[in-house]
Structures are given as C-alpha cells and as structure tokens.
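Data block below; observations after.
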2 protein chains.
Amino acid sequence: MLTRELAGASVRPLILSILSEGESYGYAILSRIEALSDGVLAWDDGTLYPVLHRMQNKGLLESSWRRADTGRRRKYYALTDKGRRALEREKQQWLQVDAMLAELWGLQPRLT
Amino acid sequence: MLTRELAGASVRPLILSILSEGESYGYAILSRIEALSDGVLAWDDGTLYPVLHRMQNKGLLESSWRRADTGRRRKYYALTDKGRRALEREKQQWLQVDAMLAELWGLQPRLT
DNA sequence: AACTATACCTGGAGTCTCCAGGTATAGGCG
DNA sequence: CGCCTATACCTGGAGACTCCAGGTATAGTT
C-alpha cells in the first residue's frame, strides 16, 4: 500500500478527477481507484466517506440520494464549479512537485 | 503554496532524493527545494527539522555535527542503506499514483 | 433462512504539518 | 565595539487528517 502521506495527497485529486468524468458514488469511486491502480490501491471505505463529506462541506461536491436500477440507495456525488477550480489547482500543484521529482530522478519532463 | 497533504507526501521523497546526491544539512535542503521549485515551494524550517529527526529515528538518515569552512556549526545528514531502499519504494509509489492521475488527465504515460 | 456483495456511516487513536517562538553565531557596517 | 542580517538549529501545541474497527441496511443468490 501507499504511505499515509501519499494516500492523503492523492485521495482528493483522484476523487475530483474521477468525478470530472461524471457523477459517481462512494463504492464505485473505490472500485474505480482500485481498477486504475491495477489492484494496488484499495482504500478502506471508512477512509473515503469522511473525505467525501469534508469535500462536500467545503463546497467542492454536491450530493443526492437516488435509487439505482439495482434497487439500492446510493449517494451520488458531482463536482461543483468550486470543485472544478479546485481540481485545476490540485493538478497544477501535482505537476509542480512531479517536475521537481522528475528532475531529481533524471526523468524526462512532462510535455504540456 | 501546496496543500498540506501534498506537502506531506512530497517532503520525504524530496529529502531522500536530494540526499541521494550527497550529504547535506537542513538549511541547504530548504534552499535546494526552493530553487528546484523556482521559488514556489518554501517550507518553514520549523516544519523540516522535525521531519529530519523522525527520518533519522527510523534509521533512514544518519547525521553528524561538523563545522563548515564558514565557521558555522551544521548538522549534516546522509542516507543510510535503509534510506536508499525507502527512496526506491517512495519513488515507485509516486510513479504509481502519477500514472493513475496521468491517465485521468489524458497525459502521456511516463516512459521508464 | 443464511450468506455475500453492495452501500453507507461514525468515533477514537495515532500521526503529521504548520506556526510561533526561541537560541546561537559569523560577517558586515558604522 | 555594537547592531543588524543571514545562517543554522530546535521545540511545543493546535489543528487536521488517515486508518481501523465496528455498525446499519438491503438486494440477490443458494
């Protein structure tokens, strides 16, 4: 698994990025992350939900309870405008740090 | 500045990477990071020192007080073998998360 | 009727950044 | 010589966050 610090740094960008593709809900976000990482990352759901709540409190997300075709109740989350701006900021910050590490590691810089 | 989470995720890899180029000391590490980021990142030194202490406690670094040519006392830090292994792990983890974000953001994957 | 997978939530322990404040000294300047 | 600035290190407490253990509920399968 990841160090707690890297986990902390990546949850928010990952959630924002996944939701930028369209609304989703906790459980699905979890599986999406697991799939994206080829099974390497698997957050406990008890870690994810509080993060979603905090992000909603800060106005980055909005949520609505709906019943899926499967009959189950789900809490769907979608990005707000503020959330979209936050994603842009987080992305820039990530790329900033990534560029520094890439330089230290002798990797080629990313073309933007 | 960075979000506290990204700051947390990047301090350790940055320190380990900088020290992998040769020993250094707190104040110089700070300026190295500032230079690498083109002035964007500037950690408070009160944030860095406890991190160095913790890393030494975990056996990732070793330190020695020496007097520089300038006459000042400095605490030089160097990587231990354990530190070198930790760097390798952190690097893999970073690249893992980076690959996930790159995919979500539609960036080209990094060639290893 | 029992089980599994889906789907959500909370509380407390431990850990970490951040900030404010503190100590000490070399070198330059008046 | 006395003052200032840059260099160089340290600590304590506040606040924030992940992690884990535990809990609730229900659709579908056996």
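How things are named: the first chain in the structure tokens is A, the next is B, and so on; residues count from 1 in each chain; ligands count from 1 in the order shown.
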
Near chain B, 8 Å: chain C residue rows, closest pairs, only C-alpha atoms (C1' of nucleotides), as a Markdown table:
```
| residue | atom | partner | partner_atom | distance |
| --- | --- | --- | --- | --- |
| C:DC16 | C1' | B:Gly8 | CA | 7.7 |
| C:DT17 | C1' | B:Arg4 | CA | 6.4 |
| C:DC18 | C1' | B:Thr47 | CA | 6.7 |
| C:DT25 | C1' | B:Arg72 | CA | 7.2 |
| C:DA26 | C1' | B:Gly71 | CA | 7.0 |
```

Using N, CA and C atoms (P, O5', C5', C4', C3', O3' and C1' of nucleotides), can you export the residues from the last selection as a PDB file, in the first residue's frame?
```pdb
ATOM      1  P    DC C  16       4.294  10.212  11.368  1.00  0.00           P
ATOM      2  O5'  DC C  16       3.958  11.607  10.697  1.00  0.00           O
ATOM      3  C5'  DC C  16       3.008  11.647   9.623  1.00  0.00           C
ATOM      4  C4'  DC C  16       2.462  13.034   9.494  1.00  0.00           C
ATOM      5  C3'  DC C  16       3.556  14.093   9.535  1.00  0.00           C
ATOM      6  O3'  DC C  16       3.734  14.632   8.230  1.00  0.00           O
ATOM      7  C1'  DC C  16       1.635  14.693  10.850  1.00  0.00           C
ATOM      8  P    DT C  17       4.932  15.783   8.070  1.00  0.00           P
ATOM      9  O5'  DT C  17       4.040  17.115   7.977  1.00  0.00           O
ATOM     10  C5'  DT C  17       3.131  17.266   6.904  1.00  0.00           C
ATOM     11  C4'  DT C  17       2.278  18.502   7.143  1.00  0.00           C
ATOM     12  C3'  DT C  17       3.024  19.826   6.964  1.00  0.00           C
ATOM     13  O3'  DT C  17       2.152  20.716   6.281  1.00  0.00           O
ATOM     14  C1'  DT C  17       2.096  19.727   9.146  1.00  0.00           C
ATOM     15  P    DC C  18       2.794  22.116   5.684  1.00  0.00           P
ATOM     16  O5'  DC C  18       2.430  23.152   6.835  1.00  0.00           O
ATOM     17  C5'  DC C  18       1.075  23.231   7.285  1.00  0.00           C
ATOM     18  C4'  DC C  18       1.012  24.159   8.487  1.00  0.00           C
ATOM     19  C3'  DC C  18       1.947  25.369   8.384  1.00  0.00           C
ATOM     20  O3'  DC C  18       1.142  26.536   8.517  1.00  0.00           O
ATOM     21  C1'  DC C  18       2.151  24.295  10.495  1.00  0.00           C
ATOM     22  P    DT C  25      27.274  30.859  20.435  1.00  0.00           P
ATOM     23  O5'  DT C  25      27.579  31.276  18.921  1.00  0.00           O
ATOM     24  C5'  DT C  25      27.681  30.270  17.929  1.00  0.00           C
ATOM     25  C4'  DT C  25      27.882  30.946  16.599  1.00  0.00           C
ATOM     26  C3'  DT C  25      28.870  32.110  16.642  1.00  0.00           C
ATOM     27  O3'  DT C  25      29.559  32.154  15.395  1.00  0.00           O
ATOM     28  C1'  DT C  25      26.892  32.855  15.750  1.00  0.00           C
ATOM     29  P    DA C  26      31.154  32.038  15.304  1.00  0.00           P
ATOM     30  O5'  DA C  26      31.442  32.447  13.800  1.00  0.00           O
ATOM     31  C5'  DA C  26      30.869  31.697  12.733  1.00  0.00           C
ATOM     32  C4'  DA C  26      30.590  32.610  11.555  1.00  0.00           C
ATOM     33  C3'  DA C  26      31.673  33.658  11.299  1.00  0.00           C
ATOM     34  O3'  DA C  26      32.007  33.609   9.910  1.00  0.00           O
ATOM     35  C1'  DA C  26      29.538  34.713  11.515  1.00  0.00           C
TER      36       DA C  26
END
```

Residues of chain D that have any atom at most 12 Å from an atom of chain B: could you tabulate them with the shortest-distance atom pair and the distance in Å to one decimal, using only C-alpha atoms (C1' of nucleotides), ordered by chain and increasing number, as JSON lines?
```
{"residue": "D:DA6", "atom": "C1'", "partner": "B:Tyr27", "partner_atom": "CA", "distance": 11.3}
{"residue": "D:DT7", "atom": "C1'", "partner": "B:Tyr27", "partner_atom": "CA", "distance": 8.0}
{"residue": "D:DA8", "atom": "C1'", "partner": "B:Tyr27", "partner_atom": "CA", "distance": 6.6}
{"residue": "D:DC9", "atom": "C1'", "partner": "B:Arg74", "partner_atom": "CA", "distance": 8.1}
{"residue": "D:DC10", "atom": "C1'", "partner": "B:Tyr49", "partner_atom": "CA", "distance": 7.9}
{"residue": "D:DT11", "atom": "C1'", "partner": "B:Gly46", "partner_atom": "CA", "distance": 8.9}
{"residue": "D:DG12", "atom": "C1'", "partner": "B:Gly46", "partner_atom": "CA", "distance": 11.2}
{"residue": "D:DG15", "atom": "C1'", "partner": "B:Arg4", "partner_atom": "CA", "distance": 11.8}
{"residue": "D:DA16", "atom": "C1'", "partner": "B:Arg4", "partner_atom": "CA", "distance": 9.1}
{"residue": "D:DC17", "atom": "C1'", "partner": "B:Glu5", "partner_atom": "CA", "distance": 8.5}
{"residue": "D:DT18", "atom": "C1'", "partner": "B:Glu5", "partner_atom": "CA", "distance": 10.7}
```

For N, CA and C atoms (P, O5', C5', C4', C3', O3' and C1' of nucleotides), I'd like the residues from the last selection saved as a JSON list (two decimals), in the first residue's frame.
```
[["chain", "number", "residue", "atom", "x", "y", "z"],
["D", 6, "DA", "P", 18.85, 39.58, 5.30],
["D", 6, "DA", "O5'", 19.76, 38.27, 5.29],
["D", 6, "DA", "C5'", 21.11, 38.37, 4.85],
["D", 6, "DA", "C4'", 21.84, 37.11, 5.21],
["D", 6, "DA", "C3'", 21.06, 35.82, 4.89],
["D", 6, "DA", "O3'", 21.96, 34.91, 4.27],
["D", 6, "DA", "C1'", 21.65, 35.85, 7.19],
["D", 7, "DT", "P", 21.52, 33.46, 3.86],
["D", 7, "DT", "O5'", 22.11, 32.59, 5.05],
["D", 7, "DT", "C5'", 23.49, 32.63, 5.29],
["D", 7, "DT", "C4'", 23.82, 31.88, 6.55],
["D", 7, "DT", "C3'", 23.39, 30.41, 6.56],
["D", 7, "DT", "O3'", 24.52, 29.65, 6.91],
["D", 7, "DT", "C1'", 22.72, 31.47, 8.55],
["D", 8, "DA", "P", 24.59, 28.08, 6.59],
["D", 8, "DA", "O5'", 23.71, 27.44, 7.74],
["D", 8, "DA", "C5'", 24.34, 27.00, 8.93],
["D", 8, "DA", "C4'", 23.34, 26.71, 10.01],
["D", 8, "DA", "C3'", 22.19, 25.74, 9.72],
["D", 8, "DA", "O3'", 22.61, 24.42, 10.00],
["D", 8, "DA", "C1'", 21.66, 27.45, 11.32],
["D", 9, "DC", "P", 21.46, 23.23, 9.87],
["D", 9, "DC", "O5'", 20.74, 23.25, 11.29],
["D", 9, "DC", "C5'", 21.49, 22.87, 12.44],
["D", 9, "DC", "C4'", 20.75, 23.24, 13.69],
["D", 9, "DC", "C3'", 19.48, 22.46, 13.97],
["D", 9, "DC", "O3'", 19.76, 21.32, 14.77],
["D", 9, "DC", "C1'", 19.27, 24.77, 14.56],
["D", 10, "DC", "P", 18.60, 20.22, 15.00],
["D", 10, "DC", "O5'", 17.64, 20.89, 16.08],
["D", 10, "DC", "C5'", 18.13, 21.21, 17.37],
["D", 10, "DC", "C4'", 17.04, 21.89, 18.16],
["D", 10, "DC", "C3'", 15.74, 21.10, 18.25],
["D", 10, "DC", "O3'", 15.73, 20.34, 19.45],
["D", 10, "DC", "C1'", 15.36, 23.45, 17.91],
["D", 11, "DT", "P", 14.47, 19.35, 19.74],
["D", 11, "DT", "O5'", 13.32, 20.30, 20.34],
["D", 11, "DT", "C5'", 13.63, 21.26, 21.32],
["D", 11, "DT", "C4'", 12.34, 21.91, 21.77],
["D", 11, "DT", "C3'", 11.17, 20.94, 21.93],
["D", 11, "DT", "O3'", 10.57, 21.19, 23.19],
["D", 11, "DT", "C1'", 10.56, 22.69, 20.46],
["D", 12, "DG", "P", 9.44, 20.19, 23.76],
["D", 12, "DG", "O5'", 8.13, 21.09, 23.63],
["D", 12, "DG", "C5'", 8.18, 22.49, 23.96],
["D", 12, "DG", "C4'", 6.78, 23.05, 23.84],
["D", 12, "DG", "C3'", 5.66, 22.05, 24.11],
["D", 12, "DG", "O3'", 4.59, 22.71, 24.78],
["D", 12, "DG", "C1'", 5.60, 22.74, 21.82],
["D", 15, "DG", "P", -6.98, 25.16, 17.75],
["D", 15, "DG", "O5'", -6.94, 24.38, 16.38],
["D", 15, "DG", "C5'", -6.26, 24.94, 15.27],
["D", 15, "DG", "C4'", -6.03, 23.87, 14.24],
["D", 15, "DG", "C3'", -7.29, 23.08, 13.86],
["D", 15, "DG", "O3'", -7.45, 23.24, 12.46],
["D", 15, "DG", "C1'", -5.46, 21.63, 14.27],
["D", 16, "DA", "P", -8.77, 22.71, 11.71],
["D", 16, "DA", "O5'", -8.16, 21.53, 10.84],
["D", 16, "DA", "C5'", -7.00, 21.77, 10.06],
["D", 16, "DA", "C4'", -6.49, 20.46, 9.54],
["D", 16, "DA", "C3'", -7.61, 19.55, 9.03],
["D", 16, "DA", "O3'", -7.30, 19.16, 7.70],
["D", 16, "DA", "C1'", -6.18, 18.40, 10.54],
["D", 17, "DC", "P", -8.43, 18.45, 6.81],
["D", 17, "DC", "O5'", -7.80, 17.02, 6.61],
["D", 17, "DC", "C5'", -6.39, 16.89, 6.42],
["D", 17, "DC", "C4'", -5.95, 15.51, 6.81],
["D", 17, "DC", "C3'", -6.94, 14.43, 6.40],
["D", 17, "DC", "O3'", -6.39, 13.66, 5.34],
["D", 17, "DC", "C1'", -6.11, 14.10, 8.62],
["D", 18, "DT", "P", -7.38, 12.44, 4.74],
["D", 18, "DT", "O5'", -6.62, 11.18, 5.35],
["D", 18, "DT", "C5'", -5.28, 10.95, 5.00],
["D", 18, "DT", "C4'", -4.75, 9.77, 5.79],
["D", 18, "DT", "C3'", -5.37, 8.42, 5.40],
["D", 18, "DT", "O3'", -4.32, 7.46, 5.41],
["D", 18, "DT", "C1'", -5.75, 8.83, 7.71]]
```

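DSSP annotation of stretch 3-85 of chain A from backbone atoms: strand (DSSP E or B) residues are Ser24, Tyr25, Leu61, Glu62, Ser63, Ser64, Trp65, Arg66, Arg67, Arg73, Arg74, Lys75, Tyr76, Tyr77, Ala78 and Leu79 of chain A.
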
Can you tell me which residues surround stretch 13-23 of chain B at a distance of at most 7 Å, considering only C-alpha atoms (C1' of nucleotides), apart from same-chain residues fewer than 5 positions away, and format the answer as a VMD selection string? (chain A and resid 101 104) or (chain B and resid 76 to 79 87 90)

Can those selected residues be exported to a file as an mmCIF file, in the first residue's frame so that it contains C-alpha atoms?
```cif
data_model
loop_
_atom_site.group_PDB
_atom_site.id
_atom_site.type_symbol
_atom_site.label_atom_id
_atom_site.label_comp_id
_atom_site.auth_asym_id
_atom_site.auth_seq_id
_atom_site.Cartn_x
_atom_site.Cartn_y
_atom_site.Cartn_z
ATOM 1 C CA LEU A 101 10.987 14.872 -8.515
ATOM 2 C CA LEU A 104 15.950 14.803 -9.230
ATOM 3 C CA TYR B 76 24.964 17.062 8.063
ATOM 4 C CA TYR B 77 22.561 14.324 7.058
ATOM 5 C CA ALA B 78 23.351 11.351 4.825
ATOM 6 C CA LEU B 79 21.262 8.446 3.554
ATOM 7 C CA LEU B 87 13.655 6.188 -1.583
ATOM 8 C CA GLU B 90 8.621 6.054 -2.361
#
```

Quick one: contact table of chain B to chain A, 12 Å max, nearest atom pair and distance in Å to one decimal per residue, counting only C-alpha atoms, chain and number order, as CSV?
```
residue,atom,partner,partner_atom,distance
B:Met1,CA,A:Gln93,CA,8.4
B:Leu2,CA,A:Gln93,CA,6.4
B:Thr3,CA,A:Glu90,CA,8.0
B:Arg4,CA,A:Ala9,CA,8.2
B:Glu5,CA,A:Ala9,CA,4.6
B:Leu6,CA,A:Ala9,CA,4.6
B:Ala7,CA,A:Ala9,CA,7.9
B:Gly8,CA,A:Glu5,CA,5.6
B:Ala9,CA,A:Leu6,CA,4.6
B:Ser10,CA,A:Val97,CA,7.2
B:Val11,CA,A:Glu5,CA,9.5
B:Arg12,CA,A:Glu5,CA,9.3
B:Pro13,CA,A:Leu101,CA,7.8
B:Leu14,CA,A:Leu101,CA,6.8
B:Ile15,CA,A:Leu101,CA,10.3
B:Leu16,CA,A:Leu104,CA,10.1
B:Ser17,CA,A:Leu104,CA,6.4
B:Ile18,CA,A:Leu104,CA,7.1
B:Leu19,CA,A:Leu104,CA,10.3
B:Ser20,CA,A:Leu104,CA,9.2
B:Glu21,CA,A:Leu104,CA,8.7
B:Arg32,CA,A:Met100,CA,10.5
B:Ile33,CA,A:Met100,CA,8.4
B:Glu34,CA,A:Met100,CA,10.2
B:Ala35,CA,A:Met100,CA,9.7
B:Leu36,CA,A:Met100,CA,6.0
B:Ser37,CA,A:Met100,CA,6.4
B:Asp38,CA,A:Met100,CA,9.6
B:Gly39,CA,A:Gln96,CA,11.2
B:Val40,CA,A:Gln96,CA,8.7
B:Leu41,CA,A:Val97,CA,8.9
B:Ala86,CA,A:Thr3,CA,10.8
B:Leu87,CA,A:Trp105,CA,10.6
B:Glu88,CA,A:Trp105,CA,10.6
B:Arg89,CA,A:Leu2,CA,9.4
B:Glu90,CA,A:Thr3,CA,8.0
B:Lys91,CA,A:Trp105,CA,8.8
B:Gln92,CA,A:Leu2,CA,9.8
B:Gln93,CA,A:Leu2,CA,6.4
B:Trp94,CA,A:Leu6,CA,7.6
B:Leu95,CA,A:Asp98,CA,9.2
B:Gln96,CA,A:Ser37,CA,7.2
B:Val97,CA,A:Ser10,CA,7.2
B:Asp98,CA,A:Asp98,CA,8.1
B:Ala99,CA,A:Ser37,CA,8.4
B:Met100,CA,A:Leu36,CA,6.0
B:Leu101,CA,A:Leu14,CA,6.8
B:Ala102,CA,A:Leu95,CA,9.8
B:Glu103,CA,A:Leu36,CA,8.4
B:Leu104,CA,A:Ser17,CA,6.3
B:Trp105,CA,A:Ser17,CA,7.4
B:Gly106,CA,A:Ser17,CA,10.7
B:Leu107,CA,A:Thr112,CA,8.2
B:Gln108,CA,A:Arg110,CA,8.1
B:Pro109,CA,A:Arg110,CA,9.0
B:Arg110,CA,A:Arg110,CA,7.9
B:Leu111,CA,A:Gln108,CA,8.4
B:Thr112,CA,A:Leu107,CA,8.2
```

Would you put the residues from that selection into a file with C-alpha atoms, as an mmCIF file, in the first residue's frame?
```
data_model
loop_
_atom_site.group_PDB
_atom_site.id
_atom_site.type_symbol
_atom_site.label_atom_id
_atom_site.label_comp_id
_atom_site.auth_asym_id
_atom_site.auth_seq_id
_atom_site.Cartn_x
_atom_site.Cartn_y
_atom_site.Cartn_z
ATOM 1 C CA MET B 1 1.717 27.119 -1.601
ATOM 2 C CA LEU B 2 0.881 23.440 -1.589
ATOM 3 C CA THR B 3 -1.988 21.750 0.165
ATOM 4 C CA ARG B 4 -0.824 20.329 3.470
ATOM 5 C CA GLU B 5 -1.420 16.836 2.106
ATOM 6 C CA LEU B 6 0.750 17.237 -0.972
ATOM 7 C CA ALA B 7 3.373 18.921 1.159
ATOM 8 C CA GLY B 8 3.316 15.899 3.440
ATOM 9 C CA ALA B 9 3.587 13.484 0.548
ATOM 10 C CA SER B 10 6.481 15.270 -1.084
ATOM 11 C CA VAL B 11 8.768 16.219 1.816
ATOM 12 C CA ARG B 12 10.117 12.758 2.371
ATOM 13 C CA PRO B 13 10.741 11.839 -1.284
ATOM 14 C CA LEU B 14 12.326 15.231 -1.891
ATOM 15 C CA ILE B 15 14.636 14.935 1.104
ATOM 16 C CA LEU B 16 15.619 11.384 0.241
ATOM 17 C CA SER B 17 16.256 12.327 -3.385
ATOM 18 C CA ILE B 18 18.309 15.383 -2.514
ATOM 19 C CA LEU B 19 20.404 13.400 -0.051
ATOM 20 C CA SER B 20 20.905 10.650 -2.623
ATOM 21 C CA GLU B 21 23.079 13.165 -4.457
ATOM 22 C CA ARG B 32 17.592 23.405 -2.707
ATOM 23 C CA ILE B 33 13.856 22.751 -2.608
ATOM 24 C CA GLU B 34 13.106 26.412 -3.099
ATOM 25 C CA ALA B 35 15.434 26.548 -6.089
ATOM 26 C CA LEU B 36 14.090 23.322 -7.616
ATOM 27 C CA SER B 37 10.573 24.746 -7.466
ATOM 28 C CA ASP B 38 11.587 28.116 -8.902
ATOM 29 C CA GLY B 39 10.661 29.732 -5.635
ATOM 30 C CA VAL B 40 7.174 28.246 -5.427
ATOM 31 C CA LEU B 41 7.843 25.883 -2.541
ATOM 32 C CA ALA B 86 12.951 3.800 1.277
ATOM 33 C CA LEU B 87 13.655 6.188 -1.583
ATOM 34 C CA GLU B 88 13.179 3.388 -4.072
ATOM 35 C CA ARG B 89 9.834 2.468 -2.518
ATOM 36 C CA GLU B 90 8.621 6.054 -2.361
ATOM 37 C CA LYS B 91 9.629 6.562 -5.946
ATOM 38 C CA GLN B 92 7.670 3.525 -7.132
ATOM 39 C CA GLN B 93 4.638 4.681 -5.174
ATOM 40 C CA TRP B 94 4.843 8.166 -6.562
ATOM 41 C CA LEU B 95 5.090 6.869 -10.121
ATOM 42 C CA GLN B 96 2.151 4.559 -9.458
ATOM 43 C CA VAL B 97 -0.128 7.388 -8.385
ATOM 44 C CA ASP B 98 1.271 9.654 -11.070
ATOM 45 C CA ALA B 99 0.369 7.099 -13.719
ATOM 46 C CA MET B 100 -3.201 6.975 -12.436
ATOM 47 C CA LEU B 101 -3.558 10.740 -12.495
ATOM 48 C CA ALA B 102 -1.892 10.956 -15.889
ATOM 49 C CA GLU B 103 -4.454 8.538 -17.249
ATOM 50 C CA LEU B 104 -7.344 10.510 -15.762
ATOM 51 C CA TRP B 105 -5.894 13.733 -17.068
ATOM 52 C CA GLY B 106 -5.159 12.375 -20.507
ATOM 53 C CA LEU B 107 -1.419 12.933 -20.214
ATOM 54 C CA GLN B 108 1.041 10.659 -21.885
ATOM 55 C CA PRO B 109 2.396 7.949 -19.594
ATOM 56 C CA ARG B 110 5.958 8.257 -18.449
ATOM 57 C CA LEU B 111 8.431 6.015 -20.192
ATOM 58 C CA THR B 112 10.506 4.014 -17.773
#
```
